[in-house]
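Peer 1: The following file, protein.pdb, comprises PDB, C-alpha atoms, pLDDT in the B column:
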```pdb
ATOM      1  CA  MET A 142     -10.391  53.719 -21.073  1.00 87.00           C
ATOM      2  CA  ASN A 143      -7.568  52.153 -23.049  1.00 92.00           C
ATOM      3  CA  LYS A 144      -6.316  53.253 -26.462  1.00 93.00           C
ATOM      4  CA  MET A 145      -8.314  50.719 -28.526  1.00 93.00           C
ATOM      5  CA  ASP A 146     -11.577  51.438 -26.690  1.00 94.00           C
ATOM      6  CA  LYS A 147     -11.017  55.161 -27.199  1.00 96.00           C
ATOM      7  CA  LYS A 148     -10.371  54.596 -30.923  1.00 96.00           C
ATOM      8  CA  ILE A 149     -13.579  52.557 -31.224  1.00 96.00           C
ATOM      9  CA  VAL A 150     -15.709  55.154 -29.419  1.00 96.00           C
ATOM     10  CA  ILE A 151     -14.274  58.133 -31.335  1.00 97.00           C
ATOM     11  CA  THR A 152     -14.675  56.351 -34.673  1.00 97.00           C
ATOM     12  CA  THR A 153     -18.197  55.382 -33.640  1.00 97.00           C
ATOM     13  CA  ALA A 154     -19.060  58.993 -32.813  1.00 97.00           C
ATOM     14  CA  ILE A 155     -17.900  60.087 -36.272  1.00 97.00           C
ATOM     15  CA  LEU A 156     -19.692  57.205 -38.001  1.00 97.00           C
ATOM     16  CA  GLY A 157     -22.836  57.878 -35.969  1.00 97.00           C
ATOM     17  CA  ALA A 158     -22.931  61.518 -37.055  1.00 98.00           C
ATOM     18  CA  LEU A 159     -22.201  60.501 -40.643  1.00 97.00           C
ATOM     19  CA  THR A 160     -24.970  57.892 -40.542  1.00 97.00           C
ATOM     20  CA  ILE A 161     -27.498  60.464 -39.365  1.00 97.00           C
ATOM     21  CA  GLY A 162     -26.429  62.802 -42.169  1.00 97.00           C
ATOM     22  CA  ILE A 163     -26.655  60.060 -44.788  1.00 96.00           C
ATOM     23  CA  GLY A 164     -30.067  59.029 -43.464  1.00 96.00           C
ATOM     24  CA  ALA A 165     -31.330  62.611 -43.593  1.00 95.00           C
ATOM     25  CA  PHE A 166     -30.028  62.971 -47.144  1.00 94.00           C
ATOM     26  CA  GLY A 167     -31.885  59.808 -48.093  1.00 92.00           C
ATOM     27  CA  ALA A 168     -35.110  60.839 -46.391  1.00 90.00           C
ATOM     28  CA  HIS A 169     -35.181  64.409 -47.656  1.00 92.00           C
ATOM     29  CA  GLY A 170     -32.854  64.744 -50.616  1.00 89.00           C
ATOM     30  CA  LEU A 171     -33.538  61.598 -52.589  1.00 90.00           C
ATOM     31  CA  LYS A 172     -37.340  61.426 -52.623  1.00 86.00           C
ATOM     32  CA  GLN A 173     -37.590  63.485 -55.798  1.00 87.00           C
ATOM     33  CA  LEU A 174     -34.536  61.958 -57.484  1.00 91.00           C
ATOM     34  CA  VAL A 175     -34.877  58.181 -57.279  1.00 93.00           C
ATOM     35  CA  SER A 176     -37.632  55.578 -57.343  1.00 92.00           C
ATOM     36  CA  GLU A 177     -39.307  54.335 -54.172  1.00 92.00           C
ATOM     37  CA  GLU A 178     -37.522  51.012 -54.622  1.00 94.00           C
ATOM     38  CA  ALA A 179     -34.131  52.748 -54.795  1.00 93.00           C
ATOM     39  CA  LEU A 180     -35.033  54.833 -51.738  1.00 94.00           C
ATOM     40  CA  ALA A 181     -35.976  51.682 -49.794  1.00 95.00           C
ATOM     41  CA  THR A 182     -32.654  50.142 -50.799  1.00 95.00           C
ATOM     42  CA  PHE A 183     -30.816  53.270 -49.624  1.00 96.00           C
ATOM     43  CA  GLU A 184     -32.654  53.073 -46.286  1.00 96.00           C
ATOM     44  CA  THR A 185     -31.501  49.465 -45.891  1.00 96.00           C
ATOM     45  CA  GLY A 186     -27.907  50.650 -46.132  1.00 97.00           C
ATOM     46  CA  VAL A 187     -28.547  53.325 -43.501  1.00 97.00           C
ATOM     47  CA  ARG A 188     -30.293  50.853 -41.182  1.00 97.00           C
ATOM     48  CA  TYR A 189     -27.467  48.308 -41.314  1.00 98.00           C
ATOM     49  CA  GLN A 190     -24.884  51.015 -40.835  1.00 98.00           C
ATOM     50  CA  LEU A 191     -26.718  52.381 -37.790  1.00 97.00           C
ATOM     51  CA  PHE A 192     -27.088  48.909 -36.237  1.00 97.00           C
ATOM     52  CA  HIS A 193     -23.357  48.375 -36.490  1.00 98.00           C
ATOM     53  CA  VAL A 194     -22.514  51.866 -35.229  1.00 98.00           C
ATOM     54  CA  VAL A 195     -24.545  51.146 -32.086  1.00 98.00           C
ATOM     55  CA  ALA A 196     -22.920  47.717 -31.732  1.00 97.00           C
ATOM     56  CA  LEU A 197     -19.467  49.308 -32.004  1.00 97.00           C
ATOM     57  CA  LEU A 198     -20.356  51.884 -29.353  1.00 97.00           C
ATOM     58  CA  VAL A 199     -21.422  49.128 -26.962  1.00 96.00           C
ATOM     59  CA  LEU A 200     -18.259  47.186 -27.797  1.00 96.00           C
ATOM     60  CA  GLY A 201     -16.045  50.215 -27.133  1.00 96.00           C
ATOM     61  CA  MET A 202     -17.695  50.847 -23.763  1.00 96.00           C
ATOM     62  CA  THR A 203     -17.708  47.206 -22.662  1.00 94.00           C
ATOM     63  CA  THR A 204     -15.107  45.858 -20.299  1.00 91.00           C
ATOM     64  CA  GLY A 205     -14.217  42.212 -20.059  1.00 90.00           C
ATOM     65  CA  ILE A 206     -13.949  41.521 -23.791  1.00 94.00           C
ATOM     66  CA  SER A 207     -10.386  41.059 -24.962  1.00 94.00           C
ATOM     67  CA  GLN A 208      -8.662  43.758 -26.958  1.00 95.00           C
ATOM     68  CA  ALA A 209      -7.979  41.254 -29.723  1.00 95.00           C
ATOM     69  CA  THR A 210     -11.705  40.573 -30.056  1.00 96.00           C
ATOM     70  CA  LYS A 211     -12.479  44.284 -30.043  1.00 97.00           C
ATOM     71  CA  LYS A 212      -9.836  44.976 -32.677  1.00 97.00           C
ATOM     72  CA  TRP A 213     -11.134  42.289 -35.047  1.00 97.00           C
ATOM     73  CA  VAL A 214     -14.785  43.211 -34.573  1.00 98.00           C
ATOM     74  CA  PHE A 215     -13.919  46.866 -35.164  1.00 98.00           C
ATOM     75  CA  ARG A 216     -12.143  45.980 -38.415  1.00 98.00           C
ATOM     76  CA  PHE A 217     -14.923  43.682 -39.620  1.00 98.00           C
ATOM     77  CA  PHE A 218     -17.715  46.137 -38.833  1.00 98.00           C
ATOM     78  CA  VAL A 219     -16.059  49.261 -40.256  1.00 98.00           C
ATOM     79  CA  LEU A 220     -15.037  47.480 -43.445  1.00 98.00           C
ATOM     80  CA  GLY A 221     -18.495  45.884 -43.585  1.00 98.00           C
ATOM     81  CA  MET A 222     -20.098  49.331 -43.365  1.00 98.00           C
ATOM     82  CA  LEU A 223     -17.899  50.627 -46.150  1.00 97.00           C
ATOM     83  CA  LEU A 224     -18.539  47.697 -48.477  1.00 97.00           C
ATOM     84  CA  PHE A 225     -22.125  46.786 -47.592  1.00 98.00           C
ATOM     85  CA  SER A 226     -23.702  50.166 -46.919  1.00 97.00           C
ATOM     86  CA  GLY A 227     -21.385  52.036 -49.284  1.00 97.00           C
ATOM     87  CA  SER A 228     -22.192  49.779 -52.220  1.00 97.00           C
ATOM     88  CA  ILE A 229     -25.905  49.936 -51.419  1.00 97.00           C
ATOM     89  CA  TYR A 230     -25.772  53.737 -51.393  1.00 97.00           C
ATOM     90  CA  ALA A 231     -24.052  53.809 -54.777  1.00 96.00           C
ATOM     91  CA  LEU A 232     -26.339  51.159 -56.304  1.00 96.00           C
ATOM     92  CA  SER A 233     -29.469  52.949 -55.093  1.00 95.00           C
ATOM     93  CA  LEU A 234     -28.209  56.150 -56.729  1.00 94.00           C
ATOM     94  CA  ALA A 235     -27.484  54.372 -60.039  1.00 92.00           C
ATOM     95  CA  GLU A 236     -30.403  56.019 -61.828  1.00 90.00           C
ATOM     96  CA  VAL A 237     -28.995  59.524 -61.171  1.00 90.00           C
ATOM     97  CA  LEU A 238     -25.260  58.861 -61.441  1.00 91.00           C
ATOM     98  CA  PRO A 239     -23.567  59.683 -64.750  1.00 90.00           C
ATOM     99  CA  PHE A 240     -21.619  56.405 -64.682  1.00 93.00           C
ATOM    100  CA  SER A 241     -22.401  52.747 -64.123  1.00 92.00           C
ATOM    101  CA  VAL A 242     -22.044  51.278 -60.645  1.00 92.00           C
ATOM    102  CA  LYS A 243     -23.301  47.793 -61.501  1.00 91.00           C
ATOM    103  CA  PHE A 244     -19.826  46.431 -60.809  1.00 92.00           C
ATOM    104  CA  LEU A 245     -20.562  47.064 -57.105  1.00 93.00           C
ATOM    105  CA  GLY A 246     -23.302  44.405 -57.018  1.00 91.00           C
ATOM    106  CA  PRO A 247     -20.914  41.652 -55.851  1.00 94.00           C
ATOM    107  CA  VAL A 248     -19.390  43.971 -53.220  1.00 96.00           C
ATOM    108  CA  THR A 249     -22.572  44.142 -51.123  1.00 96.00           C
ATOM    109  CA  PRO A 250     -22.540  40.467 -50.022  1.00 97.00           C
ATOM    110  CA  ILE A 251     -18.840  40.752 -49.148  1.00 97.00           C
ATOM    111  CA  GLY A 252     -19.748  43.579 -46.781  1.00 97.00           C
ATOM    112  CA  GLY A 253     -22.550  41.449 -45.362  1.00 97.00           C
ATOM    113  CA  LEU A 254     -20.094  38.610 -44.829  1.00 98.00           C
ATOM    114  CA  LEU A 255     -17.805  40.983 -42.933  1.00 98.00           C
ATOM    115  CA  PHE A 256     -20.719  41.947 -40.672  1.00 98.00           C
ATOM    116  CA  MET A 257     -21.376  38.262 -40.023  1.00 98.00           C
ATOM    117  CA  LEU A 258     -17.703  37.625 -39.264  1.00 98.00           C
ATOM    118  CA  GLY A 259     -17.757  40.502 -36.792  1.00 98.00           C
ATOM    119  CA  TRP A 260     -20.734  39.043 -34.953  1.00 98.00           C
ATOM    120  CA  LEU A 261     -19.164  35.585 -34.958  1.00 98.00           C
ATOM    121  CA  ARG A 262     -15.908  37.071 -33.633  1.00 98.00           C
ATOM    122  CA  ILE A 263     -17.821  38.623 -30.735  1.00 97.00           C
ATOM    123  CA  GLY A 264     -19.340  35.218 -29.959  1.00 97.00           C
ATOM    124  CA  TYR A 265     -15.957  33.515 -30.179  1.00 97.00           C
ATOM    125  CA  GLY A 266     -14.387  36.171 -27.956  1.00 95.00           C
ATOM    126  CA  VAL A 267     -17.078  35.738 -25.320  1.00 94.00           C
ATOM    127  CA  LEU A 268     -16.846  31.953 -25.544  1.00 95.00           C
ATOM    128  CA  LYS A 269     -13.132  32.183 -24.771  1.00 92.00           C
ATOM    129  CA  LEU A 270     -13.687  34.292 -21.631  1.00 89.00           C
ATOM    130  CA  LYS A 271     -12.726  32.588 -18.405  1.00 83.00           C
TER
END
```
Could you render the structure from this file as structure tokens?

Peer 2:
Amino acid sequence: MNKMDKKIVITTAILGALTIGIGAFGAHGLKQLVSEEALATFETGVRYQLFHVVALLVLGMTTGISQATKKWVFRFFVLGMLLFSGSIYALSLAEVLPFSVKFLGPVTPIGGLLFMLGWLRIGYGVLKLK
């Protein structure tokens, strides 16, 4: 396993554990604190984060895809998780936070765009394989 693949898998292991913890917090800790709508929104953030954690694990374990593709997909997905899922977590907690997080509304689609770019970069990388 080369250095980049190892970095992807180790980061994925950390993000996977973090995702499970965040999901458990949402399922057990938030039910009494936020509305059902906010809880559903929170769960969307967890779901998208988990999908991309699994995709990164597969990417890190896959041979045959160029390191450049892996590096870009890794960047897009991790930043996408931070912006998309992170902003969703904060926005869904807005009713219990002592400060406004409405400014994060435009951040969520940027994170979604980064996810899309990551998927498109995988497709481009595979298309370029000989």

Peer 1: What lies within 10 Å of Lys243 (chain A) using all atoms listed in the file, ignoring chain neighbours under 5 positions off, as a PDB file with C-alpha atoms, keeping the file's coordinate frame?

Peer 2:
```pdb
ATOM      1  CA  SER A 228     -22.192  49.779 -52.220  1.00 97.00           C
ATOM      2  CA  ALA A 231     -24.052  53.809 -54.777  1.00 96.00           C
ATOM      3  CA  LEU A 232     -26.339  51.159 -56.304  1.00 96.00           C
ATOM      4  CA  ALA A 235     -27.484  54.372 -60.039  1.00 92.00           C
ATOM      5  CA  VAL A 248     -19.390  43.971 -53.220  1.00 96.00           C
TER       6      VAL A 248
END
```

Peer 1: Step by step, work through what the PyMOL selection byres ((chain A and resi 256) around 9) selects in the shown file, and finish by giving those residues as a ChimeraX atom specification.

Peer 2: /A:193,214,217-222,225,251-255,257-261

Peer 1: Thr152 (chain A): which residues within 9 Å, counting all atoms listed in the file, same-chain residues fewer than 4 positions away excluded, as a VMD selection string?

Peer 2: chain A and resid 147 to 148 156 to 157 197 to 198

Peer 1: Can you translate the PyMOL selection byres ((chain A and resi 175-180) around 9) into the concrete residues it hits in this file, as a list in words?

Peer 2: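 Checked against the file, the PyMOL selection byres ((chain A and resi 175-180) around 9) matches Gly167, Ala168, Leu171, Lys172, Gln173, Leu174, Ala181, Thr182, Phe183, Glu184, Thr185, Leu232, Ser233, Leu234, Ala235, Glu236 and Val237 of chain A.
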
Peer 1: Name the residues that the PyMOL selection byres ((chain A and resi 266) around 12) pulls out of this structure, and write them as a PyMOL selection string.

Peer 2: chain A and resi 200+205-214+258-265+267-271

Peer 1: CA of Thr153 (chain A) to CA of Arg216 (chain A): how many Å, to one decimal?

Peer 2: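 Here the two named atoms are 12.2 Å from each other.
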
Peer 1: Expressed in Å to a single decimal, how great is the separation between CA of Arg188 (chain A) and CA of Leu223 (chain A)?

Peer 2: 13.4 Å

Peer 1: Rounded to one decimal, what separation in Å do you get between CA of Leu191 (chain A) and CA of Gly164 (chain A)?

Peer 2: 9.4 Å
